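Written below as structure tokens is the structure these notes are about.
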Amino acid sequence: MGIINVTPDSFFAGSRINSEAQILAKAGQMLTEGADILDIGGYSSRPDASEVPTDEEISRVVRAVLLIKDAYPDAILSIDTFRAAVAQAAIEAGADLINDISAGLLDEQMLTIVGQLKVPYIAMHMRGTPQTMKGMTDYNDILNEIASYFAERVATCKAAGIHDLILDVGLGFAKTIDQNFFLLKNLSYFKQIGFPLLIGLSRKSMIYRTLEISPEEALNGSTALHMVALENGASILRVHDVKEAVEVVKLYKKITLDFRL
């Protein structure tokens, strides 16, 4: 899953694009490099991100969807939003699935709308909002608490008519750096829930703060941890750098192939 941020304030400056030419160039590059899904976001969900009016978010993502679908009609487009109105507008414009950092908890209409639209849904674990989540990192048993959260969200999604689900443990969302690494190490714990797991760690602070570098220097660390994620059960990698991630997937498949010499 390649990240396309039509925002001016995403944490990694290299992912920020705004002009029509930039959107089409980034989409074309990612698809050529092997992206299966393009994830379009019009509202930065980084810690302390500024609020974006709903109309502005809709304008940003719908423009991107229309541009990309016109140029690449077979591209599968995901919309990174926690707002039902944005989800509906984007799907009606041609998008294919919804990626919600709040799993429906920040907009009570989200699950109803997604259920009515009959599209796949990515439900992520987080606490609070992008503006408050940094202060919500206290857990007694982080694995069981996140598993319980997913059990409740899955049941609620199913009740709303959503059955095509993907789960995301939400690295960096209401988690400390150590908690992020612990979740990555124990990612396979969540396979028992029975849905594909998406992991989003590309260039995040768990990498660049640990290595004392910048997000711009965090590609190598991202690549290393992507292999760990695959080994521990991830089905989808959400990335800024598609070419390198595709190479990791190819090598992972090669090393796990059941063959004899």
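Letters A, B, ... go to the chains of the structure tokens in the order shown; residues in each chain start at 1; ligands are counted from 1 in the same order.
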
Requested in this report: Go through range 90-236 of chain A and collect every residue that DSSP, computed from the backbone, puts in helix (DSSP H, G or I); the answer should be as JSON, numbers by chain.
Outcome: {"A": [90, 91, 92, 93, 110, 111, 112, 113, 114, 115, 116, 117, 133, 134, 135, 142, 143, 144, 145, 146, 147, 148, 149, 150, 151, 152, 153, 154, 155, 156, 157, 158, 159, 177, 178, 179, 180, 181, 182, 183, 184, 185, 187, 188, 189, 190, 191, 192, 193, 205, 206, 207, 208, 215, 216, 217, 219, 220, 221, 222, 223, 224, 225, 226, 227, 228, 229, 230, 231]}

Query raised in the report: In range 17-178 of chain A, what's strand (DSSP E) per DSSP? Answer as a PyMOL selection string?
Result: chain A and resi 38-41+77-80+97-100+121-124+165-168

Query raised in the report: Can you list, as a VMD selection string, every protein, DNA or RNA residue that comes within 12 Å of Leu105 in chain A when you count only C-alpha atoms, leaving out same-chain residues fewer than 5 positions away?
Result: chain A and resid 81 to 84 100 110 to 112 123 to 129 149 152 to 153 156 to 157

Mind writing the picked residues with N, CA, C and O atoms as a compact mmCIF listing (two decimals), in the first residue's frame?
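Below is the file selection.txt, written as the result:
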```
# COMPACT_ATOMS: atom_id res chain seq x y z
N THR A 81 -9.25 8.15 6.17
CA THR A 81 -10.10 9.16 6.82
C THR A 81 -10.87 8.53 7.98
O THR A 81 -11.14 7.33 7.97
N PHE A 82 -11.21 9.36 8.97
CA PHE A 82 -12.08 8.90 10.06
C PHE A 82 -13.46 9.55 9.97
O PHE A 82 -14.28 9.40 10.87
N ARG A 83 -13.73 10.26 8.88
CA ARG A 83 -14.99 10.98 8.71
C ARG A 83 -15.89 10.28 7.68
O ARG A 83 -15.48 10.01 6.55
N ALA A 84 -17.13 10.03 8.07
CA ALA A 84 -18.07 9.34 7.20
C ALA A 84 -18.36 10.14 5.93
O ALA A 84 -18.48 9.56 4.85
N ASP A 100 -9.52 3.67 8.27
CA ASP A 100 -9.97 4.55 9.36
C ASP A 100 -9.11 4.36 10.60
O ASP A 100 -9.13 3.31 11.24
N MET A 110 -19.68 6.50 10.61
CA MET A 110 -18.73 5.85 9.70
C MET A 110 -19.10 4.41 9.38
O MET A 110 -19.18 4.01 8.21
N LEU A 111 -19.34 3.60 10.39
CA LEU A 111 -19.60 2.19 10.14
C LEU A 111 -20.90 1.98 9.38
O LEU A 111 -20.99 1.11 8.51
N THR A 112 -21.90 2.79 9.67
CA THR A 112 -23.16 2.71 8.94
C THR A 112 -22.96 3.00 7.46
O THR A 112 -23.45 2.27 6.59
N ALA A 123 -9.67 -1.19 10.01
CA ALA A 123 -9.94 -0.68 11.36
C ALA A 123 -8.64 -0.66 12.16
O ALA A 123 -8.03 -1.71 12.38
N MET A 124 -8.24 0.51 12.60
CA MET A 124 -6.99 0.65 13.34
C MET A 124 -7.25 0.85 14.82
O MET A 124 -8.29 1.39 15.22
N HIS A 125 -6.29 0.43 15.64
CA HIS A 125 -6.37 0.70 17.08
C HIS A 125 -5.72 2.04 17.39
O HIS A 125 -4.60 2.33 16.96
N MET A 126 -6.42 2.85 18.15
CA MET A 126 -5.85 4.08 18.71
C MET A 126 -6.66 4.47 19.93
O MET A 126 -7.73 3.90 20.20
N ARG A 127 -6.17 5.44 20.63
CA ARG A 127 -6.92 6.06 21.72
C ARG A 127 -6.94 7.57 21.47
O ARG A 127 -5.97 8.14 20.97
N GLY A 128 -8.04 8.20 21.85
CA GLY A 128 -8.13 9.65 21.72
C GLY A 128 -8.18 10.10 20.28
O GLY A 128 -8.77 9.44 19.41
N THR A 129 -7.53 11.21 20.01
CA THR A 129 -7.47 11.82 18.68
C THR A 129 -6.00 12.11 18.36
O THR A 129 -5.14 12.01 19.25
N TYR A 149 -10.20 -4.67 22.16
CA TYR A 149 -10.66 -3.55 21.33
C TYR A 149 -11.08 -4.06 19.96
O TYR A 149 -12.17 -3.74 19.45
N GLU A 152 -14.36 -6.12 19.96
CA GLU A 152 -15.55 -5.26 20.04
C GLU A 152 -15.78 -4.54 18.72
O GLU A 152 -16.92 -4.46 18.24
N ARG A 153 -14.72 -4.04 18.10
CA ARG A 153 -14.86 -3.31 16.84
C ARG A 153 -15.31 -4.25 15.72
O ARG A 153 -16.13 -3.88 14.87
N THR A 156 -18.97 -4.86 16.09
CA THR A 156 -19.73 -3.67 15.70
C THR A 156 -19.73 -3.49 14.19
O THR A 156 -20.75 -3.11 13.60
N CYS A 157 -18.58 -3.75 13.56
CA CYS A 157 -18.51 -3.66 12.10
C CYS A 157 -19.45 -4.67 11.44
O CYS A 157 -20.19 -4.33 10.50
```

I want to know what sits within 8 Å of range 234-241 of chain A, based on only C-alpha atoms, with residues of the same chain fewer than 5 positions away left out; could you give that as a PDB file with C-alpha atoms, in the first residue's frame?
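New file out.pdb:
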```pdb
ATOM      1  CA  MET A   1       0.000   0.000   0.000  1.00  0.00           C
ATOM      2  CA  GLY A   2       1.613   3.208  -1.214  1.00  0.00           C
ATOM      3  CA  ILE A   3       0.984   6.415   0.750  1.00  0.00           C
ATOM      4  CA  ILE A   4      -0.235   9.486  -1.148  1.00  0.00           C
ATOM      5  CA  SER A  15       5.223  12.363   1.050  1.00  0.00           C
ATOM      6  CA  LEU A 187       2.215  -9.027  15.877  1.00  0.00           C
ATOM      7  CA  SER A 188       1.369 -12.685  15.294  1.00  0.00           C
ATOM      8  CA  PRO A 196      -5.529  -9.772   7.583  1.00  0.00           C
ATOM      9  CA  LEU A 197      -3.113  -7.473   9.412  1.00  0.00           C
ATOM     10  CA  LEU A 198      -1.860  -4.198   7.989  1.00  0.00           C
ATOM     11  CA  ILE A 199       1.279  -2.629   9.435  1.00  0.00           C
ATOM     12  CA  GLY A 200       2.184   1.041   9.096  1.00  0.00           C
ATOM     13  CA  LEU A 201       5.701   1.778  10.326  1.00  0.00           C
ATOM     14  CA  SER A 202       7.273   3.468   7.311  1.00  0.00           C
ATOM     15  CA  ARG A 203       9.719   6.213   8.389  1.00  0.00           C
ATOM     16  CA  LEU A 219      14.327   4.261   4.714  1.00  0.00           C
ATOM     17  CA  HIS A 226       9.209  -4.452   7.143  1.00  0.00           C
ATOM     18  CA  ALA A 229       6.538  -7.361  10.139  1.00  0.00           C
TER      19      ALA A 229
END
```

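Of the listed residues A:Ser102, A:Thr132, A:Asn140, A:Thr223, the one whose atoms come nearest to Asp168 in chain A is A:Ser102, with distances taken using only C-alpha atoms.
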
Requested in this report: Identify, on the basis of only C-alpha atoms, every residue whose closest approach to Glu56 in chain A does not exceed 12 Å; exclude the query and any residue fewer than 5 positions from it along the same chain; express the result as a PyMOL selection string.
Outcome: chain A and resi 6-7+41-43+51+61-63+85-86

**Report entry** Within 7 Å of Val65 in chain A using only C-alpha atoms, minus same-chain residues under 3 positions, as a VMD selection string
**Finding:** chain A and resid 61 to 62 68 to 69 90 93 to 95

Query - Residues within 10 Å of Phe181 in chain A, only C-alpha atoms, excluding chain neighbours under 6 positions, as an MDAnalysis selection string - result: chainID A and resid 171 175 187 206:207 225

Expected file contents, prior selection, C-alpha atoms, as a tab-separated table (two decimals), in the first residue's frame:
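selection22.tsv, freshly written:
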```
chain	number	residue	atom	x	y	z
A	171	LEU	CA	1.98	1.79	15.60
A	175	LYS	CA	1.88	4.03	21.97
A	187	LEU	CA	2.22	-9.03	15.88
A	206	MET	CA	9.99	4.48	16.38
A	207	ILE	CA	12.68	4.23	13.72
A	225	LEU	CA	11.40	-3.61	10.13
```

**Report entry** Length of the CA of Asp39 in chain A to CA of Asn5 in chain A vector [Å]
**Finding:** 8.0 Å

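CA of Gln131 in chain A to CA of Val52 in chain A spans 12.1 Å [interatomic distance, one decimal].
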
Report task. May I ask which of the residues A:Asp141, A:Glu108, A:Asp80, A:Asp164 is the closest one to Tyr121 in chain A, counting only C-alpha atoms? Result -> A:Asp164

Query raised in the report: Rounded to one decimal in Å, what is the spacing between CA of Glu216 in chain A and CA of Asn99 in chain A?
Result: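 Between CA of Glu216 in chain A and CA of Asn99 in chain A the gap works out to 24.5 Å.
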
Query raised in the report: Of the residues A:Leu184, A:Leu257, A:Val249, A:Ile113, which is the one nearest to Ala160 in chain A, using only C-alpha atoms?
Result: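 For Ala160 in chain A, the nearest of the given residues is A:Ile113.
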